[in-house]
Protein chains: 2
Amino acid sequence: MDAKTLCLGVLVMGDASGYEIRKMFEEGPFAHFQDVGYGSIYPALAKLSEEGLIAVTDTSGEGHPDKKVYAVTPAGRAEFRQSLARAPMQDKIRSDAAFLMFFAEFLDPDHLRTVYDDYLGFYRARVEVMQELDPEGVPEGRLFVRGLGLAFYQAVVTYMTENRDMLLNAGSGKADAAE
Amino acid sequence: MDAKTLCLGVLVMGDASGYEIRKMFEEGPFAHFQDVGYGSIYPALAKLSEEGLIAVTDTSGEGHPDKKVYAVTPAGRAEFRQSLARAPMQDKIRSDAAFLMFFAEFLDPDHLRTVYDDYLGFYRARVEVMQELDPEGVPEGRLFVRGLGLAFYQAVVTYMTENRDMLLNAGSGKADAAE
DNA sequence: ATGAAATATATCGGCTTGATATAGTATAAG
DNA sequence: CTTATACTATATCAAGCCGATATATTTCAT
């Protein structure tokens, strides 16, 4: 999914600035399955403006820092719909922690335990945060995706907890012997 | 994790060519949690060679297309170990399918059902493939990571199956009414 | 013998990533 | 009241990655 479509996705839910769009991916509803930074957002908003898919309202000098609020146009709405239809859909998972644990024999046991603890702690925290969310008035598609994310996090926590010893016993430094 | 470290990771398990490294991420043991393409692999191998971290053996004219087999040097092994220690570890999940399903109201019901079926089918297939793997002689770190991947895939399949109606009922096209 | 599929290396434009620069505003502490 | 800290906000840039493409040989089934 390219930055333009991600921005449109936020804007069809309501007007927003570049900064506000970023927050949606940093801590908001998209944080669990998409990401996009300022380096992509601002150029994307510029292009979308050029193409007439969004409209800008510059709200400078109104008691806050210069702020540009973007609103999606009817053409933008149509384009968003078409982008969704065009989209491929293979998930991309990039887990450096999994790569590390794969090479458990290469790590010293202390480091391995730290990696394990941090990783598990991170996912435990995610589960807790997501469980507190109030589903009041949230459309079903969004509820479904939230539940999917939660199911994923819970599966990781459960597996990590049940198989702690399998991983930590692997870090006995046998890899040094090679060659 | 940068391309250089990923290449080193493959090479510490055994000598390989660029093409063979790619296959490890396309269908091999890393396919479930990392990815790297030719556009990153060949430049990475060139740099690693320059730095003396890997050694090349050109095996042209031996009954197969030109082939360069790379082997990690002791310096490369040390560098790999240090890269692992340096690595951050926040997982990055990029799911276009989840983004689509989040906007279920914007999709027409047929398309939504297709997305659902494809997505579920894909993960079901993954589960089946992974369950067939033989754990004979595989180090514990790798077993652990394989189990983690399997747990994740199974959680997705279970959740998707149990909550099918929640998603598909959402595609009633109410989004058209807006504005 | 023909064509399709697999093996193999390499490059390139476009895009993303992560860091950095800049600057105004809010707020709590001293 | 002034200082420091955090937050809001836009923007850019180098480095690196991604996906597509070009090229060529070998293997294998038809």
# chains A, B, ... in the order shown; residues from 1 in each chain; ligands from 1
$ residues_around --residues "DT27 in chain C" --least-positions-apart "4" --cutoff "10 Å" --atoms "only C-alpha atoms (C1' of nucleotides)" --output "PDB file with N, CA and C atoms (P, O5', C5', C4', C3', O3' and C1' of nucleotides), in the first residue's frame"
ATOM      1  P    DT D   5      15.402  20.562  30.577  1.00  0.00           P
ATOM      2  O5'  DT D   5      14.026  19.844  30.203  1.00  0.00           O
ATOM      3  C5'  DT D   5      13.001  19.735  31.215  1.00  0.00           C
ATOM      4  C4'  DT D   5      11.668  19.419  30.554  1.00  0.00           C
ATOM      5  C3'  DT D   5      11.773  18.477  29.351  1.00  0.00           C
ATOM      6  O3'  DT D   5      10.945  17.346  29.602  1.00  0.00           O
ATOM      7  C1'  DT D   5      10.411  20.356  28.837  1.00  0.00           C
ATOM      8  P    DA D   6      11.010  16.053  28.655  1.00  0.00           P
ATOM      9  O5'  DA D   6       9.591  16.174  27.923  1.00  0.00           O
ATOM     10  C5'  DA D   6       8.429  16.451  28.693  1.00  0.00           C
ATOM     11  C4'  DA D   6       7.332  16.979  27.786  1.00  0.00           C
ATOM     12  C3'  DA D   6       7.127  16.140  26.518  1.00  0.00           C
ATOM     13  O3'  DA D   6       5.778  15.691  26.497  1.00  0.00           O
ATOM     14  C1'  DA D   6       7.227  18.451  26.001  1.00  0.00           C
ATOM     15  P    DC D   7       5.279  14.659  25.398  1.00  0.00           P
ATOM     16  O5'  DC D   7       4.440  15.568  24.391  1.00  0.00           O
ATOM     17  C5'  DC D   7       3.496  16.496  24.927  1.00  0.00           C
ATOM     18  C4'  DC D   7       3.118  17.500  23.851  1.00  0.00           C
ATOM     19  C3'  DC D   7       2.780  16.866  22.486  1.00  0.00           C
ATOM     20  O3'  DC D   7       1.438  17.232  22.182  1.00  0.00           O
ATOM     21  C1'  DC D   7       4.169  18.770  22.235  1.00  0.00           C
TER      22       DC D   7
END
$ select_by_dssp --residues "range 43-129 of chain A" --states "strand (DSSP E or B)" --output "list in words"
Ile54, Ala55, Val56, Thr57, Asp58, Lys68, Val69, Tyr70, Ala71, Val72, Lys92, Ile93 and Arg94 of chain A
$ interface_residues --of "chain B" --to "chain D" --cutoff "12 Å" --atoms "only C-alpha atoms (C1' of nucleotides)" --output "PyMOL selection string"
chain B and resi 1-4+35-41+43-44+60-67
$ write_last_selection --atoms "N, CA and C atoms" --output "PDB file, in the first residue's frame"
ATOM      1  N   MET B   1      16.930  -5.013  10.151  1.00  0.00           N
ATOM      2  CA  MET B   1      18.124  -5.797   9.811  1.00  0.00           C
ATOM      3  C   MET B   1      18.521  -5.492   8.365  1.00  0.00           C
ATOM      4  N   ASP B   2      19.756  -5.052   8.188  1.00  0.00           N
ATOM      5  CA  ASP B   2      20.139  -4.684   6.822  1.00  0.00           C
ATOM      6  C   ASP B   2      20.536  -5.904   5.987  1.00  0.00           C
ATOM      7  N   ALA B   3      20.605  -5.673   4.674  1.00  0.00           N
ATOM      8  CA  ALA B   3      20.841  -6.766   3.733  1.00  0.00           C
ATOM      9  C   ALA B   3      22.158  -7.482   4.020  1.00  0.00           C
ATOM     10  N   LYS B   4      23.163  -6.733   4.430  1.00  0.00           N
ATOM     11  CA  LYS B   4      24.470  -7.344   4.703  1.00  0.00           C
ATOM     12  C   LYS B   4      24.376  -8.376   5.821  1.00  0.00           C
ATOM     13  N   ASP B  35      12.616 -10.655   4.579  1.00  0.00           N
ATOM     14  CA  ASP B  35      12.642 -10.686   3.117  1.00  0.00           C
ATOM     15  C   ASP B  35      13.760  -9.792   2.617  1.00  0.00           C
ATOM     16  N   VAL B  36      14.363 -10.197   1.516  1.00  0.00           N
ATOM     17  CA  VAL B  36      15.393  -9.389   0.876  1.00  0.00           C
ATOM     18  C   VAL B  36      15.507  -9.849  -0.579  1.00  0.00           C
ATOM     19  N   GLY B  37      15.569  -8.888  -1.493  1.00  0.00           N
ATOM     20  CA  GLY B  37      15.562  -9.205  -2.919  1.00  0.00           C
ATOM     21  C   GLY B  37      16.934  -9.067  -3.556  1.00  0.00           C
ATOM     22  N   TYR B  38      17.021  -9.432  -4.837  1.00  0.00           N
ATOM     23  CA  TYR B  38      18.298  -9.350  -5.553  1.00  0.00           C
ATOM     24  C   TYR B  38      18.873  -7.944  -5.522  1.00  0.00           C
ATOM     25  N   GLY B  39      17.983  -6.971  -5.628  1.00  0.00           N
ATOM     26  CA  GLY B  39      18.409  -5.575  -5.652  1.00  0.00           C
ATOM     27  C   GLY B  39      19.164  -5.155  -4.406  1.00  0.00           C
ATOM     28  N   SER B  40      19.010  -5.901  -3.331  1.00  0.00           N
ATOM     29  CA  SER B  40      19.765  -5.637  -2.102  1.00  0.00           C
ATOM     30  C   SER B  40      20.899  -6.649  -1.910  1.00  0.00           C
ATOM     31  N   ILE B  41      20.660  -7.883  -2.348  1.00  0.00           N
ATOM     32  CA  ILE B  41      21.631  -8.959  -2.098  1.00  0.00           C
ATOM     33  C   ILE B  41      22.945  -8.733  -2.853  1.00  0.00           C
ATOM     34  N   PRO B  43      24.412  -6.005  -4.288  1.00  0.00           N
ATOM     35  CA  PRO B  43      25.238  -4.918  -3.727  1.00  0.00           C
ATOM     36  C   PRO B  43      25.810  -5.272  -2.345  1.00  0.00           C
ATOM     37  N   ALA B  44      25.024  -5.958  -1.517  1.00  0.00           N
ATOM     38  CA  ALA B  44      25.488  -6.325  -0.178  1.00  0.00           C
ATOM     39  C   ALA B  44      26.674  -7.279  -0.263  1.00  0.00           C
ATOM     40  N   SER B  60      32.625 -20.536 -12.858  1.00  0.00           N
ATOM     41  CA  SER B  60      32.076 -20.470 -14.211  1.00  0.00           C
ATOM     42  C   SER B  60      32.575 -21.668 -15.032  1.00  0.00           C
ATOM     43  N   GLY B  61      31.840 -21.936 -16.119  1.00  0.00           N
ATOM     44  CA  GLY B  61      32.246 -23.001 -17.027  1.00  0.00           C
ATOM     45  C   GLY B  61      32.391 -24.363 -16.379  1.00  0.00           C
ATOM     46  N   GLU B  62      31.478 -24.691 -15.503  1.00  0.00           N
ATOM     47  CA  GLU B  62      31.504 -26.018 -14.880  1.00  0.00           C
ATOM     48  C   GLU B  62      30.143 -26.698 -15.043  1.00  0.00           C
ATOM     49  N   GLY B  63      29.551 -26.525 -16.195  1.00  0.00           N
ATOM     50  CA  GLY B  63      28.298 -27.222 -16.470  1.00  0.00           C
ATOM     51  C   GLY B  63      27.066 -26.542 -15.920  1.00  0.00           C
ATOM     52  N   HIS B  64      27.182 -25.286 -15.552  1.00  0.00           N
ATOM     53  CA  HIS B  64      26.010 -24.510 -15.108  1.00  0.00           C
ATOM     54  C   HIS B  64      26.293 -23.048 -15.407  1.00  0.00           C
ATOM     55  N   PRO B  65      25.272 -22.201 -15.316  1.00  0.00           N
ATOM     56  CA  PRO B  65      25.496 -20.773 -15.604  1.00  0.00           C
ATOM     57  C   PRO B  65      26.547 -20.216 -14.650  1.00  0.00           C
ATOM     58  N   ASP B  66      27.184 -19.135 -15.038  1.00  0.00           N
ATOM     59  CA  ASP B  66      28.163 -18.465 -14.182  1.00  0.00           C
ATOM     60  C   ASP B  66      27.619 -18.412 -12.763  1.00  0.00           C
ATOM     61  N   LYS B  67      28.439 -18.794 -11.835  1.00  0.00           N
ATOM     62  CA  LYS B  67      27.972 -18.854 -10.463  1.00  0.00           C
ATOM     63  C   LYS B  67      29.110 -18.452  -9.534  1.00  0.00           C
TER      64      LYS B  67
END
$ interface_residues --of "chain C" --to "chain A" --cutoff "8 Å" --atoms "only C-alpha atoms (C1' of nucleotides)" --output "list in words"
DT16, DT17, DG24 and DT25 of chain C
$ closest_residue --among "B:Val129, B:Met101, B:Arg113, B:Pro135" --to "chain A" --atoms "only C-alpha atoms"
B:Met101
$ interface_residues --of "chain A" --to "chain B" --cutoff "8 Å" --atoms "only C-alpha atoms" --output "PyMOL selection string"
chain A and resi 1+30+32-35+81+84-85+87-107+111+119+139-145+147-148+151-152+155-156+159-160+163+166-167+169-170
$ atom_distance --atom1 "CA of Thr161 in chain B" --atom2 "CA of Leu120 in chain B"
7.9 Å
$ select_by_dssp --residues "range 118-177 of chain B" --states "helix (DSSP H, G or I)" --output "MDAnalysis selection string"
chainID B and resid 118:131 140:162 164:168 174:177
$ write_last_selection --atoms "C-alpha atoms" --output "CSV table (one decimal), in the first residue's frame"
chain,number,residue,atom,x,y,z
B,118,ASP,CA,-7.8,-15.4,-0.4
B,119,TYR,CA,-6.4,-14.2,2.9
B,120,LEU,CA,-7.7,-17.2,4.9
B,121,GLY,CA,-6.7,-19.6,2.2
B,122,PHE,CA,-3.2,-18.2,2.2
B,123,TYR,CA,-2.7,-18.7,5.9
B,124,ARG,CA,-4.3,-22.1,5.9
B,125,ALA,CA,-1.8,-23.2,3.3
B,126,ARG,CA,1.0,-21.8,5.4
B,127,VAL,CA,-0.1,-23.8,8.4
B,128,GLU,CA,-0.2,-27.0,6.4
B,129,VAL,CA,3.2,-26.4,4.9
B,130,MET,CA,4.8,-25.7,8.2
B,131,GLN,CA,3.2,-28.6,10.0
B,140,GLU,CA,16.5,-25.3,19.2
B,141,GLY,CA,16.6,-21.7,18.2
B,142,ARG,CA,15.3,-22.5,14.7
B,143,LEU,CA,12.6,-24.9,16.1
B,144,PHE,CA,11.5,-22.1,18.5
B,145,VAL,CA,11.1,-19.6,15.7
B,146,ARG,CA,9.3,-22.1,13.5
B,147,GLY,CA,6.9,-22.8,16.3
B,148,LEU,CA,6.3,-19.1,16.8
B,149,GLY,CA,5.5,-18.7,13.1
B,150,LEU,CA,3.1,-21.6,13.2
B,151,ALA,CA,1.4,-20.3,16.3
B,152,PHE,CA,0.9,-17.0,14.6
B,153,TYR,CA,-0.6,-18.6,11.4
B,154,GLN,CA,-2.9,-20.8,13.4
B,155,ALA,CA,-4.2,-17.9,15.5
B,156,VAL,CA,-5.0,-16.0,12.3
B,157,VAL,CA,-6.8,-19.0,10.8
B,158,THR,CA,-8.8,-19.6,14.0
B,159,TYR,CA,-9.8,-15.9,14.4
B,160,MET,CA,-10.7,-15.5,10.7
B,161,THR,CA,-12.9,-18.6,10.8
B,162,GLU,CA,-14.7,-17.8,14.0
B,164,ARG,CA,-16.3,-14.5,9.4
B,165,ASP,CA,-19.7,-13.1,9.7
B,166,MET,CA,-18.6,-10.0,11.6
B,167,LEU,CA,-16.5,-9.0,8.6
B,168,LEU,CA,-18.8,-10.0,5.8
B,174,LYS,CA,-23.1,2.4,3.7
B,175,ALA,CA,-20.0,4.4,3.0
B,176,ASP,CA,-21.5,5.8,-0.2
B,177,ALA,CA,-23.9,7.9,1.7
$ atom_distance --atom1 "CA of Glu51 in chain B" --atom2 "C1' of DG13 in chain C"
27.6 Å
$ residues_around --residues "Leu48 in chain B" --least-positions-apart "4" --cutoff "10 Å" --atoms "only C-alpha atoms (C1' of nucleotides)" --output "ChimeraX atom specification"
/B:4-5,7-8,42-44,52-55,70,72,76
$ atom_distance --atom1 "CA of Val69 in chain A" --atom2 "C1' of DA19 in chain C"
25.2 Å
